Amino acid sequence: MSVHFVPWDTSLDMLKEANRLYDEAGIFDCVEKGDLVAVKLHVGELGNPYYVQPFFVHDIVRRVKEAGGKPFLTDSTTYYRAQRNNGYDYMITALMQGFSMAPFIVADGLRGENAKLVKTKGILNEIEVAGVIAEADAMIVVSHDKGHELSGFGGAIKNLGMGCTSQAGKLRQHRAIGLEIDAEKCIGCGKCREACSMHLPEIIEGKAMNISPLCMRCPICSEACPTGAIQLTNKNNLCKALASAAYGVLSTFKKGKVSYVSFAKDITQYCDCLPNPGKVVMKDLGIFASTSPVSIDAAFLSMVDYELFNNAYNVDCMLQVHEAKSIGIDGEVKPKINKLR
Ligand code: SF4
Ligand code: SF4
């Protein structure tokens, strides 16, 4: 499954270039007359200026309508307690970020609990697919390529695995990671408890303890710890869990009903979930389009120095791609890239 690519070049009309790309890749071939089509995106946390620009999404919506589909925008709520933790707040955020070109239907409902539990392959046995995604006829997955502290980078596979699952599904994936607190290093300052949005670590007899089943293994408490006492372990498992969840999400669609567009522009250190995504660390590359999440992520990685992310986050970016391929998601880890210019 090949990947089509158009380089970022602002001496050209990038909207026209994107449309040439979509046609070349057959992005809208997955849409049939009357289909309810999920346009899966990430609207970005408020304060983060680096998410997919709304005019590109506006145009994708237009093309879905032209193909006879009924497009709606969608994303799932976050497990952690921030601006997009419930359906109401998510919809407000989407409007504030400029996404009003089609109905915005929160994928996992008002409280992040609308899900369909499906069997999957790989490191997870089953996964909670967001209910609205599971009911859609077709899906265009619109991703922003960038770094990610836990999985090395985030692209199409992560947009499927983490982005298309309910809060329970997100917790299931995150808990594939381990968390250890070194009692020798802990000075009992409580900074970890303060930083955690759920205040989960408890300070008992001057030492931090975290045995809560609600802990999602995010990096926040370990970053807040002044002595380096908190370590996340087995980060590779999250990469495998992303692939496993992505397989489950795709199992809710008929073959050929999902397409992918990825924007490799404003490639930041951290993900779109943060209000402060860090520096732009790579030059703007362009736009990718494919019918495979494996191929489109592999194509992006083949064109950047992803060792930068591997070294920064101590996890191999290619792992999620290899794992997705190995459990049976269509695509190539060394895809042919059809460059439009
Ligand atoms: S990893 Fe730390 S900050 Fe994140 S949810 Fe668990 S206790 Fe809270
Ligand atoms: S922040 Fe670190 S040192 Fe302070 S209580 Fe938590 S684990 Fe211990």
# chains A, B, ... in the order shown; residues from 1 in each chain; ligands from 1
$ select_by_dssp --residues "stretch 54-145 of chain A" --states "helix (DSSP H, G or I)" --output "list in words"
Pro54, Phe55, Phe56, Val57, His58, Asp59, Ile60, Val61, Arg62, Arg63, Val64, Lys65, Glu66, Gly87, Tyr88, Asp89, Tyr90, Met91, Ile92, Thr93, Ala94, Leu95, Met96, Gly131, Val132, Ile133, Ala134 and Glu135 of chain A
$ residues_around --residues "stretch 324-339 of chain A" --least-positions-apart "2" --cutoff "8 Å" --atoms "only C-alpha atoms" --output "MDAnalysis selection string"
chainID A and resid 1:7 121:122 157 240 243:244 246:247 292:295 298:299 302 320:322 341
$ residues_near_ligand --ligand "ligand 2" --cutoff "12 Å" --atoms "only C-alpha atoms and all ligand atoms" --output "PyMOL selection string"
chain A and resi 179-196+199-210+220-231
$ write_last_selection --atoms "N, CA and C atoms" --output "compact mmCIF listing (two decimals), in the first residue's frame"
# COMPACT_ATOMS: atom_id res chain seq x y z
N LEU A 179 4.73 1.71 36.71
CA LEU A 179 5.21 2.89 37.44
C LEU A 179 5.86 2.40 38.73
N GLU A 180 7.07 2.87 38.97
CA GLU A 180 7.78 2.47 40.19
C GLU A 180 8.21 3.71 40.96
N ILE A 181 8.09 3.64 42.27
CA ILE A 181 8.59 4.72 43.13
C ILE A 181 9.71 4.16 44.00
N ASP A 182 10.87 4.76 43.87
CA ASP A 182 12.04 4.31 44.62
C ASP A 182 12.00 4.96 46.02
N ALA A 183 11.69 4.15 47.01
CA ALA A 183 11.53 4.67 48.38
C ALA A 183 12.83 5.29 48.90
N GLU A 184 13.96 4.79 48.43
CA GLU A 184 15.26 5.34 48.87
C GLU A 184 15.40 6.80 48.43
N LYS A 185 14.91 7.08 47.21
CA LYS A 185 15.06 8.44 46.67
C LYS A 185 13.95 9.37 47.14
N CYS A 186 12.81 8.83 47.54
CA CYS A 186 11.66 9.66 47.89
C CYS A 186 11.91 10.41 49.21
N ILE A 187 11.67 11.73 49.18
CA ILE A 187 11.85 12.55 50.38
C ILE A 187 10.50 12.98 50.98
N GLY A 188 9.42 12.45 50.39
CA GLY A 188 8.09 12.71 50.95
C GLY A 188 7.59 14.12 50.78
N CYS A 189 8.07 14.83 49.74
CA CYS A 189 7.70 16.25 49.59
C CYS A 189 6.27 16.45 49.11
N GLY A 190 5.67 15.45 48.49
CA GLY A 190 4.27 15.56 48.04
C GLY A 190 4.08 16.27 46.72
N LYS A 191 5.16 16.64 46.03
CA LYS A 191 5.03 17.35 44.75
C LYS A 191 4.34 16.47 43.70
N CYS A 192 4.52 15.17 43.79
CA CYS A 192 3.87 14.26 42.84
C CYS A 192 2.35 14.31 43.04
N ARG A 193 1.92 14.30 44.25
CA ARG A 193 0.48 14.34 44.57
C ARG A 193 -0.14 15.66 44.11
N GLU A 194 0.59 16.74 44.33
CA GLU A 194 0.11 18.06 43.89
C GLU A 194 -0.04 18.11 42.37
N ALA A 195 0.92 17.55 41.66
CA ALA A 195 0.93 17.65 40.19
C ALA A 195 -0.12 16.77 39.53
N CYS A 196 -0.41 15.64 40.12
CA CYS A 196 -1.36 14.68 39.53
C CYS A 196 -2.77 15.29 39.53
N HIS A 199 -4.65 13.59 42.06
CA HIS A 199 -3.99 13.54 43.38
C HIS A 199 -3.87 12.10 43.88
N LEU A 200 -3.35 11.24 43.03
CA LEU A 200 -3.34 9.81 43.36
C LEU A 200 -2.22 9.35 44.30
N PRO A 201 -0.98 9.81 44.10
CA PRO A 201 0.04 9.31 45.03
C PRO A 201 -0.30 9.72 46.47
N GLU A 202 -0.16 8.79 47.39
CA GLU A 202 -0.41 9.11 48.80
C GLU A 202 0.93 9.14 49.51
N ILE A 203 1.02 10.03 50.47
CA ILE A 203 2.26 10.11 51.24
C ILE A 203 2.00 9.40 52.58
N ILE A 204 2.63 8.27 52.73
CA ILE A 204 2.40 7.47 53.94
C ILE A 204 3.74 7.31 54.66
N GLU A 205 3.75 7.76 55.89
CA GLU A 205 4.97 7.71 56.71
C GLU A 205 6.16 8.30 55.97
N GLY A 206 5.90 9.45 55.32
CA GLY A 206 6.99 10.18 54.68
C GLY A 206 7.44 9.65 53.34
N LYS A 207 6.70 8.69 52.80
CA LYS A 207 7.08 8.14 51.49
C LYS A 207 5.86 8.11 50.57
N ALA A 208 6.09 8.39 49.26
CA ALA A 208 4.99 8.36 48.29
C ALA A 208 4.65 6.91 47.94
N MET A 209 3.34 6.66 47.83
CA MET A 209 2.87 5.34 47.37
C MET A 209 1.78 5.57 46.33
N ASN A 210 1.76 4.75 45.30
CA ASN A 210 0.71 4.88 44.28
C ASN A 210 0.22 3.50 43.89
N ILE A 220 3.40 13.00 34.28
CA ILE A 220 3.31 14.27 35.04
C ILE A 220 3.96 14.18 36.42
N CYS A 221 3.66 13.14 37.19
CA CYS A 221 4.22 13.09 38.53
C CYS A 221 5.73 12.84 38.50
N SER A 222 6.17 12.03 37.52
CA SER A 222 7.61 11.75 37.49
C SER A 222 8.37 13.02 37.11
N GLU A 223 7.76 13.86 36.25
CA GLU A 223 8.42 15.13 35.90
C GLU A 223 8.44 16.10 37.08
N ALA A 224 7.42 15.99 37.94
CA ALA A 224 7.33 16.91 39.08
C ALA A 224 8.25 16.50 40.23
N CYS A 225 8.68 15.27 40.22
CA CYS A 225 9.47 14.75 41.36
C CYS A 225 10.88 15.34 41.33
N PRO A 226 11.30 16.01 42.39
CA PRO A 226 12.62 16.67 42.39
C PRO A 226 13.79 15.70 42.53
N THR A 227 13.52 14.47 42.93
CA THR A 227 14.64 13.54 43.17
C THR A 227 14.72 12.40 42.16
N GLY A 228 13.82 12.40 41.19
CA GLY A 228 13.84 11.31 40.20
C GLY A 228 13.41 9.98 40.78
N ALA A 229 12.57 10.03 41.82
CA ALA A 229 12.16 8.78 42.48
C ALA A 229 11.11 8.00 41.67
N ILE A 230 10.38 8.70 40.80
CA ILE A 230 9.29 8.02 40.07
C ILE A 230 9.74 7.71 38.65
N GLN A 231 9.62 6.46 38.28
CA GLN A 231 10.00 6.04 36.93
C GLN A 231 8.85 5.30 36.27
$ residues_around --residues "stretch 86-95 of chain A" --least-positions-apart "3" --cutoff "7 Å" --atoms "only C-alpha atoms" --output "list of chain:residue names"
A:Val43, A:Leu46, A:Thr77, A:Gln83, A:Gly98, A:Phe99, A:Ser100, A:Phe104, A:Val106, A:Gly109, A:Leu110, A:Arg111, A:Gly112
$ write_last_selection --atoms "C-alpha atoms" --output "CSV table (one decimal), in the first residue's frame"
chain,number,residue,atom,x,y,z
A,43,VAL,CA,-8.7,19.9,17.9
A,46,LEU,CA,-6.4,25.4,24.2
A,77,THR,CA,-12.7,12.8,25.6
A,83,GLN,CA,-10.3,20.9,29.0
A,98,GLY,CA,-12.2,26.9,14.8
A,99,PHE,CA,-13.9,23.6,14.1
A,100,SER,CA,-17.5,24.5,13.2
A,104,PHE,CA,-19.1,17.9,16.1
A,106,VAL,CA,-18.1,13.6,20.7
A,109,GLY,CA,-20.3,10.7,24.8
A,110,LEU,CA,-20.9,13.2,27.5
A,111,ARG,CA,-18.8,11.4,30.2
A,112,GLY,CA,-16.5,9.3,28.0
$ residues_around --residues "A:His144" --least-positions-apart "5" --cutoff "7 Å" --atoms "only C-alpha atoms" --output "list in words"
Tyr51, Val52, Gly155, Ser262, Phe263 and Ala264 of chain A
$ atom_distance --atom1 "atom CA of A:Ile267" --atom2 "atom CA of A:Lys146"
4.7 Å
$ closest_atom_pairs --of "stretch 47-165 of chain A" --to "stretch 20-41 of chain A" --cutoff "6 Å" --atoms "only C-alpha atoms" --output "CSV"
residue,atom,partner,partner_atom,distance
A:Gly68,CA,A:Lys33,CA,4.2
A:Gly69,CA,A:Asp35,CA,4.8
A:Lys70,CA,A:Leu36,CA,4.9
A:Pro71,CA,A:Val37,CA,4.6
A:Phe72,CA,A:Ala38,CA,5.3
A:Leu73,CA,A:Val39,CA,4.8
A:Thr74,CA,A:Lys40,CA,5.1
A:Asp75,CA,A:Lys40,CA,5.9
A:Ala136,CA,A:Leu36,CA,5.6
A:Asp137,CA,A:Leu36,CA,5.3
A:Ala138,CA,A:Val37,CA,4.8
A:Met139,CA,A:Ala38,CA,4.6
A:Ile140,CA,A:Val39,CA,4.9
A:Val141,CA,A:Lys40,CA,4.8
A:Val142,CA,A:Leu41,CA,5.1
$ write_last_selection --atoms "C-alpha atoms" --output "compact mmCIF listing (two decimals), in the first residue's frame"
# COMPACT_ATOMS: atom_id res chain seq x y z
CA GLY A 68 -22.18 11.69 -1.23
CA GLY A 69 -21.34 11.21 2.45
CA LYS A 70 -22.64 12.90 5.58
CA PRO A 71 -19.50 14.12 7.36
CA PHE A 72 -19.24 14.84 11.05
CA LEU A 73 -16.20 15.84 13.10
CA THR A 74 -15.28 13.66 16.02
CA ASP A 75 -12.75 12.94 18.75
CA ALA A 136 -19.80 5.21 11.63
CA ASP A 137 -19.90 3.83 8.08
CA ALA A 138 -16.55 5.29 7.02
CA MET A 139 -13.76 7.39 8.52
CA ILE A 140 -11.14 9.86 7.38
CA VAL A 141 -8.37 9.92 9.99
CA VAL A 142 -6.74 13.35 10.02
$ residues_around --residues "A:Lys170" --least-positions-apart "5" --cutoff "9 Å" --atoms "only C-alpha atoms" --output "list of chain:residue names"
A:Thr78, A:Tyr79, A:Ile127, A:Glu128, A:Gly161, A:Met162, A:Gly163, A:Thr165, A:Arg175, A:Met216
$ select_by_dssp --residues "stretch 115-183 of chain A" --states "strand (DSSP E or B)" --output "PDB file with C-alpha atoms, in the first residue's frame"
ATOM      1  CA  ALA A 115     -18.096   2.464  24.036  1.00  0.00           C
ATOM      2  CA  LYS A 116     -18.320  -0.850  22.254  1.00  0.00           C
ATOM      3  CA  LEU A 117     -16.063  -3.535  23.729  1.00  0.00           C
ATOM      4  CA  VAL A 118     -14.437  -5.522  20.920  1.00  0.00           C
ATOM      5  CA  LYS A 119     -11.919  -8.353  20.775  1.00  0.00           C
ATOM      6  CA  GLU A 126     -10.114  -6.433  24.057  1.00  0.00           C
ATOM      7  CA  ILE A 127     -10.587  -2.687  23.744  1.00  0.00           C
ATOM      8  CA  GLU A 128     -13.360  -0.149  24.315  1.00  0.00           C
ATOM      9  CA  VAL A 129     -13.933   1.499  20.914  1.00  0.00           C
ATOM     10  CA  ALA A 130     -15.703   4.875  21.199  1.00  0.00           C
ATOM     11  CA  ALA A 138     -16.547   5.289   7.021  1.00  0.00           C
ATOM     12  CA  MET A 139     -13.765   7.388   8.524  1.00  0.00           C
ATOM     13  CA  ILE A 140     -11.144   9.863   7.376  1.00  0.00           C
ATOM     14  CA  VAL A 141      -8.370   9.925   9.989  1.00  0.00           C
ATOM     15  CA  VAL A 142      -6.742  13.352  10.021  1.00  0.00           C
ATOM     16  CA  SER A 143      -3.510  13.365  12.040  1.00  0.00           C
ATOM     17  CA  HIS A 144      -0.778  15.795  13.044  1.00  0.00           C
ATOM     18  CA  LYS A 146       4.644  15.167  16.273  1.00  0.00           C
ATOM     19  CA  GLY A 147       6.674  13.818  19.165  1.00  0.00           C
ATOM     20  CA  HIS A 148       5.173  12.012  22.152  1.00  0.00           C
ATOM     21  CA  GLY A 152       8.065   8.409  20.753  1.00  0.00           C
ATOM     22  CA  PHE A 153       5.797   9.998  18.204  1.00  0.00           C
ATOM     23  CA  GLY A 154       2.109  10.286  17.409  1.00  0.00           C
ATOM     24  CA  THR A 165     -11.310   4.694  22.238  1.00  0.00           C
ATOM     25  CA  GLY A 178       4.429   0.283  34.762  1.00  0.00           C
ATOM     26  CA  LEU A 179       5.214   2.890  37.435  1.00  0.00           C
ATOM     27  CA  GLU A 180       7.781   2.473  40.190  1.00  0.00           C
ATOM     28  CA  ILE A 181       8.594   4.724  43.131  1.00  0.00           C
TER      29      ILE A 181
END
$ atom_distance --atom1 "atom CA of A:Pro54" --atom2 "atom CA of A:Met96"
11.1 Å
$ atom_distance --atom1 "atom CA of A:Arg84" --atom2 "atom CA of A:Leu214"
17.9 Å
$ closest_residue --among "A:Lys279, A:Lys235, A:Arg217, A:Lys254" --to "ligand 1" --atoms "only C-alpha atoms and all ligand atoms"
A:Arg217
$ closest_residue --among "A:Asn276, A:Asn236, A:Ser290, A:Ser11" --to "A:Ser259" --atoms "only C-alpha atoms"
A:Ser290
